[in-house]
>>> print(open('data-v8.txt').read())   # compact mmCIF, C-alpha atoms and all ligand atoms
# COMPACT_ATOMS: atom_id res chain seq x y z
CA ARG A 282 16.96 160.98 82.44
CA ALA A 283 15.25 158.37 84.51
CA LYS A 284 16.80 155.78 82.30
CA GLU A 285 20.18 157.42 82.73
CA ALA A 286 19.80 157.47 86.52
CA GLY A 287 18.71 153.85 86.49
CA LYS A 288 21.77 152.93 84.54
CA ASN A 289 24.01 154.80 86.94
CA THR A 290 22.40 153.08 89.88
CA TYR A 291 22.87 149.78 88.18
CA GLN A 292 26.52 150.54 87.53
CA PHE A 293 26.94 151.65 91.12
CA PHE A 294 25.46 148.40 92.42
CA ALA A 295 27.47 146.37 89.94
CA ALA A 296 30.67 148.02 91.10
CA GLU A 297 29.65 147.57 94.73
CA MET A 298 28.79 143.92 94.20
CA ASN A 299 31.99 143.47 92.33
CA ALA A 300 34.01 144.89 95.21
CA GLN A 301 32.19 142.57 97.61
CA ALA A 302 32.68 139.58 95.35
CA ILE A 303 36.34 140.41 94.99
CA GLU A 304 36.79 140.73 98.73
CA ARG A 305 34.99 137.46 99.23
CA LEU A 306 37.18 135.75 96.68
CA GLN A 307 40.27 137.26 98.25
CA LEU A 308 39.18 136.06 101.69
CA GLU A 309 38.21 132.63 100.41
CA ARG A 310 41.46 132.08 98.53
CA GLY A 311 43.39 133.31 101.55
CA LEU A 312 41.38 131.14 103.90
CA ARG A 313 42.40 128.01 102.01
CA GLN A 314 46.06 128.79 102.57
CA ALA A 315 45.83 130.39 105.99
CA LEU A 316 46.23 127.16 107.94
CA GLU A 317 49.37 125.96 106.17
CA ARG A 318 50.82 129.47 106.27
CA GLY A 319 50.28 129.64 110.00
CA GLU A 320 48.17 132.80 109.83
CA PHE A 321 45.67 131.79 112.53
CA GLU A 322 46.20 132.62 116.15
CA LEU A 323 44.22 132.11 119.31
CA HIS A 324 43.36 134.89 121.68
CA PHE A 325 42.06 134.28 125.18
CA GLN A 326 39.51 136.22 127.22
CA PRO A 327 39.17 135.74 130.99
CA ILE A 328 35.93 134.51 132.56
CA VAL A 329 35.96 135.40 136.25
CA ALA A 330 33.96 134.51 139.36
CA ALA A 331 31.43 137.27 140.02
CA ALA A 332 32.00 137.21 143.78
CA THR A 333 35.81 137.29 143.84
CA TYR A 334 36.89 138.22 140.30
CA ARG A 335 39.09 135.11 140.41
CA LEU A 336 39.97 133.59 137.04
CA GLU A 337 37.72 130.59 136.31
CA ALA A 338 38.31 130.03 132.60
CA LEU A 339 39.55 131.56 129.36
CA GLU A 340 37.41 131.69 126.23
CA VAL A 341 39.40 130.81 123.11
CA LEU A 342 38.76 133.32 120.30
CA LEU A 343 40.16 132.71 116.84
CA ARG A 344 41.97 135.45 114.90
CA TRP A 345 43.29 135.50 111.35
CA ARG A 346 46.40 137.56 110.69
CA HIS A 347 45.88 138.25 106.99
CA PRO A 348 49.03 139.39 105.13
CA GLU A 349 47.24 142.36 103.51
CA LEU A 350 44.07 142.92 105.54
CA GLY A 351 45.68 142.67 108.98
CA LEU A 352 43.82 141.04 111.88
CA VAL A 353 40.52 139.73 110.51
CA SER A 354 37.60 139.22 112.91
CA PRO A 355 36.01 135.77 113.13
CA VAL A 356 32.68 137.45 112.41
CA ARG A 357 34.00 138.03 108.88
CA PHE A 358 35.64 134.71 108.11
CA ILE A 359 33.82 132.05 110.19
CA PRO A 360 30.66 132.21 107.99
CA LEU A 361 32.87 131.84 104.91
CA ALA A 362 34.72 128.95 106.53
CA GLU A 363 31.33 127.35 107.23
CA GLU A 364 30.10 127.76 103.63
CA THR A 365 33.28 126.36 102.13
CA GLY A 366 33.66 123.51 104.60
CA LEU A 367 37.04 124.89 105.65
CA ILE A 368 35.67 125.16 109.18
CA ARG A 369 36.48 121.47 109.69
CA PRO A 370 40.27 121.68 109.39
CA ILE A 371 40.23 125.13 111.00
CA GLY A 372 38.05 123.97 113.89
CA ASP A 373 40.26 120.93 114.32
CA TRP A 374 43.31 123.19 114.53
CA VAL A 375 41.59 125.40 117.13
CA ILE A 376 40.82 122.46 119.42
CA ARG A 377 44.32 120.96 119.11
CA GLN A 378 46.11 124.27 119.47
CA ALA A 379 44.02 125.25 122.49
CA CYS A 380 44.86 121.96 124.23
CA ARG A 381 48.56 122.34 123.39
CA GLN A 382 48.51 125.88 124.75
CA LEU A 383 46.87 124.77 127.99
CA ALA A 384 49.51 122.02 128.40
CA GLU A 385 52.24 124.61 127.80
CA TRP A 386 50.83 126.93 130.48
CA ASP A 387 50.66 123.95 132.85
CA CYS A 388 54.36 123.31 132.20
CA LEU A 389 55.15 126.94 132.96
CA GLY A 390 53.26 126.62 136.25
CA LEU A 391 50.54 129.05 135.18
CA HIS A 392 47.16 128.28 136.62
CA VAL A 393 44.48 128.29 133.93
CA PRO A 394 41.57 126.24 135.30
CA ARG A 395 39.70 125.75 132.03
CA LEU A 396 39.39 126.72 128.37
CA ALA A 397 36.08 127.36 126.59
CA ILE A 398 36.09 126.67 122.84
CA ASN A 399 33.45 127.79 120.31
CA LEU A 400 32.03 125.12 118.02
CA SER A 401 30.40 125.98 114.70
CA ALA A 402 27.27 124.36 113.31
CA ARG A 403 29.20 122.36 110.74
CA GLN A 404 31.60 121.03 113.36
CA PHE A 405 28.68 120.02 115.51
CA GLU A 406 27.09 118.04 112.68
CA GLN A 407 30.33 116.44 111.56
CA GLN A 408 31.07 112.78 112.13
CA GLY A 409 34.03 112.23 114.37
CA LEU A 410 33.69 115.29 116.60
CA ILE A 411 33.95 113.06 119.67
CA MET A 412 37.16 111.43 118.40
CA GLN A 413 38.56 114.81 117.46
CA VAL A 414 38.03 116.23 120.93
CA ALA A 415 39.21 113.04 122.64
CA GLY A 416 42.31 112.97 120.40
CA ALA A 417 43.25 116.57 121.13
CA LEU A 418 42.87 116.02 124.88
CA ALA A 419 44.93 112.81 124.84
CA GLU A 420 47.64 114.30 122.64
CA ALA A 421 48.15 117.22 125.02
CA GLY A 422 47.52 115.22 128.20
CA ILE A 423 44.71 117.50 129.31
CA ALA A 424 41.88 116.31 131.59
CA ALA A 425 38.54 116.50 129.78
CA GLY A 426 36.97 118.49 132.62
CA ARG A 427 39.22 121.42 131.77
CA LEU A 428 37.58 121.85 128.39
CA GLU A 429 34.22 123.49 127.82
CA LEU A 430 32.53 123.48 124.42
CA GLU A 431 30.28 126.41 123.49
CA MET A 432 27.35 125.90 121.10
CA THR A 433 24.50 128.15 120.08
CA GLU A 434 20.82 127.43 120.63
CA SER A 435 20.18 126.94 116.91
CA MET A 436 22.85 124.24 116.74
CA VAL A 437 21.24 122.08 119.39
CA MET A 438 17.61 122.93 118.61
CA GLN A 439 17.93 122.13 114.89
CA ASN A 440 17.53 118.47 115.65
CA PRO A 441 17.02 118.22 119.40
CA SER A 442 16.70 114.46 119.69
CA GLU A 443 19.97 113.93 117.83
CA ALA A 444 21.59 116.68 119.87
CA VAL A 445 20.57 114.92 123.10
CA SER A 446 22.61 111.88 122.12
CA LEU A 447 25.59 113.80 120.70
CA LEU A 448 25.74 116.00 123.78
CA GLY A 449 25.46 112.86 125.89
CA GLU A 450 28.52 111.40 124.16
CA LEU A 451 30.50 114.60 124.61
CA LYS A 452 29.45 114.70 128.25
CA ALA A 453 30.58 111.09 128.67
CA LEU A 454 34.06 112.21 127.60
CA GLY A 455 34.00 114.50 130.60
CA VAL A 456 33.99 117.87 128.81
CA ARG A 457 31.71 120.67 129.95
CA LEU A 458 29.01 122.01 127.66
CA SER A 459 27.58 125.48 127.35
CA ILE A 460 25.04 127.41 125.32
CA ASP A 461 26.52 130.59 123.85
CA ASP A 462 24.61 133.82 123.13
CA PHE A 463 21.70 132.47 125.16
CA GLY A 464 18.44 134.31 124.65
CA THR A 465 19.05 135.30 121.01
CA GLY A 466 17.83 132.02 119.50
CA TYR A 467 14.86 129.78 120.06
CA SER A 468 15.19 127.26 122.83
CA SER A 469 12.67 124.63 123.70
CA LEU A 470 12.75 124.74 127.47
CA SER A 471 11.76 121.09 127.70
CA TYR A 472 14.84 120.13 125.67
CA LEU A 473 17.03 122.56 127.52
CA LYS A 474 16.50 120.54 130.62
CA ARG A 475 17.09 117.23 128.84
CA PHE A 476 20.44 118.34 127.43
CA PRO A 477 23.41 117.56 129.70
CA LEU A 478 24.43 121.23 129.82
CA ASP A 479 26.61 122.89 132.41
CA THR A 480 26.42 126.56 131.51
CA LEU A 481 24.29 129.22 129.84
CA LYS A 482 26.05 132.31 128.55
CA ILE A 483 23.67 135.28 128.54
CA ASP A 484 24.15 137.18 125.29
CA ARG A 485 25.84 140.54 125.47
CA SER A 486 22.76 142.31 124.06
CA PHE A 487 20.90 141.58 127.34
CA ILE A 488 23.78 142.80 129.51
CA GLU A 489 23.90 146.16 127.77
CA GLY A 490 22.47 149.00 129.81
CA LEU A 491 22.17 147.04 133.07
CA PRO A 492 20.98 147.85 135.64
CA GLY A 493 19.11 150.87 134.23
CA ASP A 494 17.55 149.12 131.23
CA GLY A 495 14.39 147.63 132.72
CA ASP A 496 13.70 145.18 129.90
CA ASN A 497 17.21 143.79 129.99
CA ALA A 498 17.17 143.63 133.77
CA ALA A 499 13.96 141.58 133.61
CA ILE A 500 15.40 139.25 130.96
CA ALA A 501 18.68 138.74 132.80
CA GLU A 502 16.85 138.03 136.06
CA ALA A 503 14.48 135.59 134.36
CA ILE A 504 17.37 133.67 132.78
CA LEU A 505 19.20 133.56 136.12
CA ALA A 506 16.10 132.31 137.96
CA MET A 507 15.49 129.59 135.37
CA ALA A 508 19.16 128.56 135.32
CA ARG A 509 19.17 128.25 139.09
CA LYS A 510 16.13 125.94 139.02
CA LEU A 511 17.68 123.80 136.29
CA SER A 512 21.12 123.84 137.99
CA PHE A 513 23.00 125.51 135.15
CA SER A 514 25.77 127.93 135.90
CA VAL A 515 25.54 131.26 134.11
CA VAL A 516 28.14 133.46 132.44
CA ALA A 517 27.21 137.05 131.60
CA GLU A 518 28.91 138.11 128.36
CA GLY A 519 30.06 141.62 127.51
CA VAL A 520 30.35 143.04 131.03
CA GLU A 521 31.93 146.45 130.62
CA THR A 522 31.06 148.33 133.80
CA GLU A 523 31.25 147.87 137.57
CA ALA A 524 27.52 148.64 137.78
CA GLN A 525 26.69 145.73 135.45
CA ALA A 526 28.97 143.40 137.41
CA ALA A 527 27.50 144.41 140.77
CA PHE A 528 23.92 143.99 139.53
CA LEU A 529 24.62 140.57 138.00
CA CYS A 530 26.44 139.37 141.11
CA ALA A 531 23.56 140.53 143.32
CA LYS A 532 21.11 138.61 141.11
CA GLY A 533 23.11 135.40 141.52
CA CYS A 534 25.16 135.29 138.32
CA GLN A 535 28.32 133.33 139.20
CA LEU A 536 30.52 134.10 136.21
CA LEU A 537 31.36 137.26 134.29
CA GLN A 538 33.19 137.96 131.04
CA GLY A 539 33.89 141.24 129.31
CA TYR A 540 36.14 144.20 128.71
CA LEU A 541 35.78 145.25 132.38
CA PHE A 542 38.14 142.37 133.22
CA SER A 543 40.12 142.04 130.02
CA ARG A 544 39.89 142.11 126.25
CA PRO A 545 40.85 138.88 124.51
CA LEU A 546 44.64 138.59 124.85
CA PRO A 547 47.21 136.93 122.58
CA ALA A 548 48.87 133.89 124.20
CA ALA A 549 52.12 135.78 124.70
CA GLU A 550 50.40 138.28 127.01
CA LEU A 551 48.78 135.66 129.21
CA PRO A 552 51.80 134.76 131.39
CA ALA A 553 52.20 138.37 132.58
CA PHE A 554 48.44 138.71 133.08
CA LEU A 555 48.24 135.51 135.15
CA GLN A 556 51.52 135.65 137.04
CA GLN A 557 50.66 139.05 138.43
CA ARG A 558 47.60 137.52 140.03
CA SER A 559 48.66 134.19 141.45
CA PRO A 560 48.85 132.47 143.79
CA GLN A 561 47.01 134.90 146.07
CA PRO A 562 43.24 134.87 145.79
CA LEU A 563 41.79 137.82 143.94
CA THR A 564 39.69 140.51 145.48
CA ARG A 565 37.39 143.03 143.90
CA GLU A 566 38.72 146.52 143.76
CA ARG A 567 37.85 149.44 141.51
CA GLY A 568 36.90 147.21 138.59
CA ALA A 569 40.36 145.82 138.08
CA ILE A 570 41.48 142.31 138.89
CA VAL A 571 43.93 142.75 141.71
CA ARG A 572 45.66 140.51 144.25
P1 LIG A 601 31.23 134.71 121.09
O1 LIG A 601 31.60 133.28 121.25
O2 LIG A 601 29.92 135.14 121.63
O3 LIG A 601 32.43 135.51 121.72
C1 LIG A 601 32.29 136.71 122.44
C2 LIG A 601 32.61 137.89 121.56
O4 LIG A 601 32.33 139.09 122.29
C3 LIG A 601 34.09 138.00 121.16
O5 LIG A 601 34.15 138.59 119.87
C4 LIG A 601 34.63 138.96 122.22
O6 LIG A 601 35.82 139.62 121.81
C5 LIG A 601 33.48 139.90 122.37
N1 LIG A 601 33.47 140.56 123.67
C6 LIG A 601 33.88 140.06 124.85
N2 LIG A 601 33.68 140.94 125.86
C7 LIG A 601 33.13 142.03 125.29
C8 LIG A 601 32.69 143.29 125.84
O7 LIG A 601 32.78 143.57 127.03
N3 LIG A 601 32.15 144.18 124.96
C9 LIG A 601 32.04 143.90 123.62
N4 LIG A 601 31.51 144.84 122.83
N5 LIG A 601 32.44 142.71 123.08
C10 LIG A 601 32.98 141.80 123.92
P2 LIG A 601 35.07 137.99 118.73
O8 LIG A 601 36.36 137.53 119.31
O9 LIG A 601 35.10 138.98 117.62
O10 LIG A 601 34.29 136.71 118.25
C11 LIG A 601 33.05 136.81 117.62
C12 LIG A 601 32.39 135.47 117.44
O11 LIG A 601 33.14 134.67 116.53
C13 LIG A 601 32.33 134.65 118.72
O12 LIG A 601 31.26 135.11 119.51
C14 LIG A 601 32.12 133.27 118.16
O13 LIG A 601 30.78 133.06 117.83
C15 LIG A 601 32.93 133.32 116.87
N6 LIG A 601 34.22 132.64 117.09
C16 LIG A 601 35.35 133.11 117.65
N7 LIG A 601 36.32 132.17 117.67
C17 LIG A 601 35.77 131.05 117.12
C18 LIG A 601 36.26 129.72 116.87
O14 LIG A 601 37.39 129.33 117.18
N8 LIG A 601 35.38 128.85 116.25
C19 LIG A 601 34.12 129.22 115.91
N9 LIG A 601 33.34 128.31 115.31
N10 LIG A 601 33.64 130.45 116.15
C20 LIG A 601 34.44 131.36 116.74
MG MG A 602 31.60 131.97 122.68
MG MG A 603 28.80 134.52 123.06
MG MG A 604 28.08 136.74 121.35
>>> encode(input="data-v8.txt", output="C-alpha cells")
Amino acid sequence: RAKEAGKNTYQFFAAEMNAQAIERLQLERGLRQALERGEFELHFQPIVAAATYRLEALEVLLRWRHPELGLVSPVRFIPLAEETGLIRPIGDWVIRQACRQLAEWDCLGLHVPRLAINLSARQFEQQGLIMQVAGALAEAGIAAGRLELEMTESMVMQNPSEAVSLLGELKALGVRLSIDDFGTGYSSLSYLKRFPLDTLKIDRSFIEGLPGDGDNAAIAEAILAMARKLSFSVVAEGVETEAQAAFLCAKGCQLLQGYLFSRPLPAAELPAFLQQRSPQPLTRERGAIVR
C-alpha cells in the first residue's frame, strides 16, 4: 500500500510538473512572438508629491496581452524573459515605447513631468545600455532629465565598483536613477553614497500596516532619515490608505505611489486622468486627487 501511495504521489507530482512545464513552454513560445505580434502594452502609475498630491511622475509597468491567457503580469513573464535573454529586445521596446508615448503626450499638451522605467538585471549588465537609452531619448526628442531608471539593490551591489562607473555614465546622460524595492535586498551603505542616485523607493512590504505597525514605522523612519542625510529623495510604494499617506508625509517622505492615488492605467486612460487635473495645482482632499 505504501508503494501504491508512493506511486500515486509520484504520478501526481509528474502531472503537476508536466502542467508547469507545459505552461512554461507555452509562455516561452508565446514570449518569442509577443513583440512582433504587438502583444505588449505599457501601463502607467502616478507618483505624486506627498504634500500636494500633484503628479510628479508615472512609473511605466509592462503588461502582456496573451491571446489565450489574457493580461499576464510581469511577475510571471519577466523572470522567463530574463532566463531566455528575451528581456533585451523587450526591454529595448519598453524604453523606446515609453519615450514615444511621452512625446505623444507632450504633443497633446498633457503635462507628464517624468517617466520611471524598470530595468532588469540582464539589461543592466548588457553592453550598449547607454546607447540604447540615449537613442530612445534622441529618437523621441525627450530631455534626459524626464527619464528615471529604476534598479534593484542586487543589481547594483552585485559588482559595486562596476556599477559606480555604469551609473556614472547613465548619470552623465542626464537621466535620473533610483533604487527600487529598497530595504528588501542587501545594500552596502558606503556604496549607496558613492552611487550617483537620486531616489530610493521604499518597498511596499514596509509601507503595509503604517502607522500602526511599529516595526514598519521604525524601518520607514530610518530609511527616510538616512535618505535625508544622503540627499536622496524617497518614494513610498504601495500606499493604499490616507493614514499611510499622512504618516509618510509627516515623516518627510516627498513622493507617494499606490492604489490610493491610482492603479496602473493603460495609455488610453491617461489623457482623461490628467486633463481633469490640469492646469490647476492639486490639493489633498478625501484621498482622491482633486483640483
Ligand atoms: P515594481 O517596479 O516594484 O512595481 C510596483 C508594483 O507594485 C507594480 O506591480 C504595481 O502595480 C504594484 N502596486 C502599485 N501600487 C500598489 C498598491 O498600492 N498596492 C499593491 N498591492 N500593489 C501596488 P506590477 O505592475 O505587477 O509589476 C511587478 C514588477 O514587475 C515590478 O515591480 C517590476 O519589478 C517588474 N516590471 C514591471 N514592468 C517592467 C518592465 O518594463 N521591465 C522590467 N525589467 N521589469 C518590470
Ligand atoms: Mg519599479
Ligand atoms: Mg518597486
Ligand atoms: Mg515592488
>>> closest_residue(input="data-v8.txt", among="A:Lys452, A:Lys482, A:Arg313, A:Arg395", to="ligand MG 602 (chain A)", atoms="all atoms listed in the file")
A:Lys482
>>> closest_atom_pairs(input="data-v8.txt", of="segment 423-525 of chain A", to="segment 389-394 of chain A", cutoff="12 Å", atoms="only C-alpha atoms", output="CSV")
residue,atom,partner,partner_atom,distance
A:Ile423,CA,A:Pro394,CA,11.1
A:Ala424,CA,A:Pro394,CA,10.6
A:Ala425,CA,A:Pro394,CA,11.6
A:Gly426,CA,A:Pro394,CA,9.4
A:Arg427,CA,A:Pro394,CA,6.4
A:Leu428,CA,A:Pro394,CA,9.1
A:Glu429,CA,A:Pro394,CA,10.8
>>> residues_near_ligand(input="data-v8.txt", ligand="ligand MG 604 (chain A)", cutoff="8 Å", atoms="only C-alpha atoms and all ligand atoms", output="number ranges by chain")
A: 461-462, 484-485, 518
>>> atom_distance(input="data-v8.txt", atom1="atom CA of Leu478 of chain A", atom2="atom CA of Leu448 of chain A")
8.1 Å
>>> closest_residue(input="data-v8.txt", among="A:Glu406, A:Glu431, A:Glu320, A:Glu385", to="ligand MG 602 (chain A)", atoms="all atoms listed in the file")
A:Glu431
>>> residues_near_ligand(input="data-v8.txt", ligand="ligand MG 603 (chain A)", cutoff="12 Å", atoms="only C-alpha atoms and all ligand atoms", output="JSON, numbers by chain")
{"A": [326, 328, 340, 341, 342, 356, 397, 398, 399, 400, 430, 431, 432, 433, 434, 459, 460, 461, 462, 463, 464, 465, 466, 480, 481, 482, 483, 484, 485, 486, 487, 488, 515, 516, 517, 518, 519, 520, 537, 538, 539]}
>>> residues_around(input="data-v8.txt", residues="Phe405 of chain A", least_positions_apart="4", cutoff="9 Å", atoms="only C-alpha atoms", output="PyMOL selection string")
chain A and resi 400-401+410+432+436-437+444+447
>>> axis_aligned_box(input="data-v8.txt", around="ligand LIG 601 (chain A)", padding_each_side="4 Å", output="AutoDock Vina command-line options")
--center_x 33.7 --center_y 136.6 --center_z 121.2 --size_x 15.5 --size_y 24.5 --size_z 19.7
>>> closest_residue(input="data-v8.txt", among="A:Pro545, A:Gly495, A:Gly490, A:Pro552", to="ligand LIG 601 (chain A)", atoms="all atoms listed in the file")
A:Pro545
>>> residues_around(input="data-v8.txt", residues="Ser442 of chain A", least_positions_apart="4", cutoff="10 Å", atoms="only C-alpha atoms", output="mmCIF file with C-alpha atoms, keeping the file's coordinate frame")
data_model
loop_
_atom_site.group_PDB
_atom_site.id
_atom_site.type_symbol
_atom_site.label_atom_id
_atom_site.label_comp_id
_atom_site.auth_asym_id
_atom_site.auth_seq_id
_atom_site.Cartn_x
_atom_site.Cartn_y
_atom_site.Cartn_z
ATOM 1 C CA VAL A 437 21.240 122.080 119.390
ATOM 2 C CA MET A 438 17.610 122.930 118.610
ATOM 3 C CA SER A 446 22.610 111.880 122.120
ATOM 4 C CA LEU A 447 25.590 113.800 120.700
ATOM 5 C CA TYR A 472 14.840 120.130 125.670
ATOM 6 C CA ARG A 475 17.090 117.230 128.840
ATOM 7 C CA PHE A 476 20.440 118.340 127.430
#
>>> residues_around(input="data-v8.txt", residues="segment 308-310 of chain A", least_positions_apart="3", cutoff="12 Å", atoms="all atoms listed in the file", output="ChimeraX atom specification")
/A:301-305,313-316,345-351,353-355,357-368
>>> write_last_selection(input="data-v8.txt", atoms="C-alpha atoms", output="tab-separated table (two decimals), keeping the file's coordinate frame")
chain	number	residue	atom	x	y	z
A	301	GLN	CA	32.19	142.57	97.61
A	302	ALA	CA	32.68	139.58	95.35
A	303	ILE	CA	36.34	140.41	94.99
A	304	GLU	CA	36.79	140.73	98.73
A	305	ARG	CA	34.99	137.46	99.23
A	313	ARG	CA	42.40	128.01	102.01
A	314	GLN	CA	46.06	128.79	102.57
A	315	ALA	CA	45.83	130.39	105.99
A	316	LEU	CA	46.23	127.16	107.94
A	345	TRP	CA	43.29	135.50	111.35
A	346	ARG	CA	46.40	137.56	110.69
A	347	HIS	CA	45.88	138.25	106.99
A	348	PRO	CA	49.03	139.39	105.13
A	349	GLU	CA	47.24	142.36	103.51
A	350	LEU	CA	44.07	142.92	105.54
A	351	GLY	CA	45.68	142.67	108.98
A	353	VAL	CA	40.52	139.73	110.51
A	354	SER	CA	37.60	139.22	112.91
A	355	PRO	CA	36.01	135.77	113.13
A	357	ARG	CA	34.00	138.03	108.88
A	358	PHE	CA	35.64	134.71	108.11
A	359	ILE	CA	33.82	132.05	110.19
A	360	PRO	CA	30.66	132.21	107.99
A	361	LEU	CA	32.87	131.84	104.91
A	362	ALA	CA	34.72	128.95	106.53
A	363	GLU	CA	31.33	127.35	107.23
A	364	GLU	CA	30.10	127.76	103.63
A	365	THR	CA	33.28	126.36	102.13
A	366	GLY	CA	33.66	123.51	104.60
A	367	LEU	CA	37.04	124.89	105.65
A	368	ILE	CA	35.67	125.16	109.18
>>> atom_distance(input="data-v8.txt", atom1="atom CA of Ala503 of chain A", atom2="atom O1 of ligand LIG 601 (chain A)")
21.7 Å
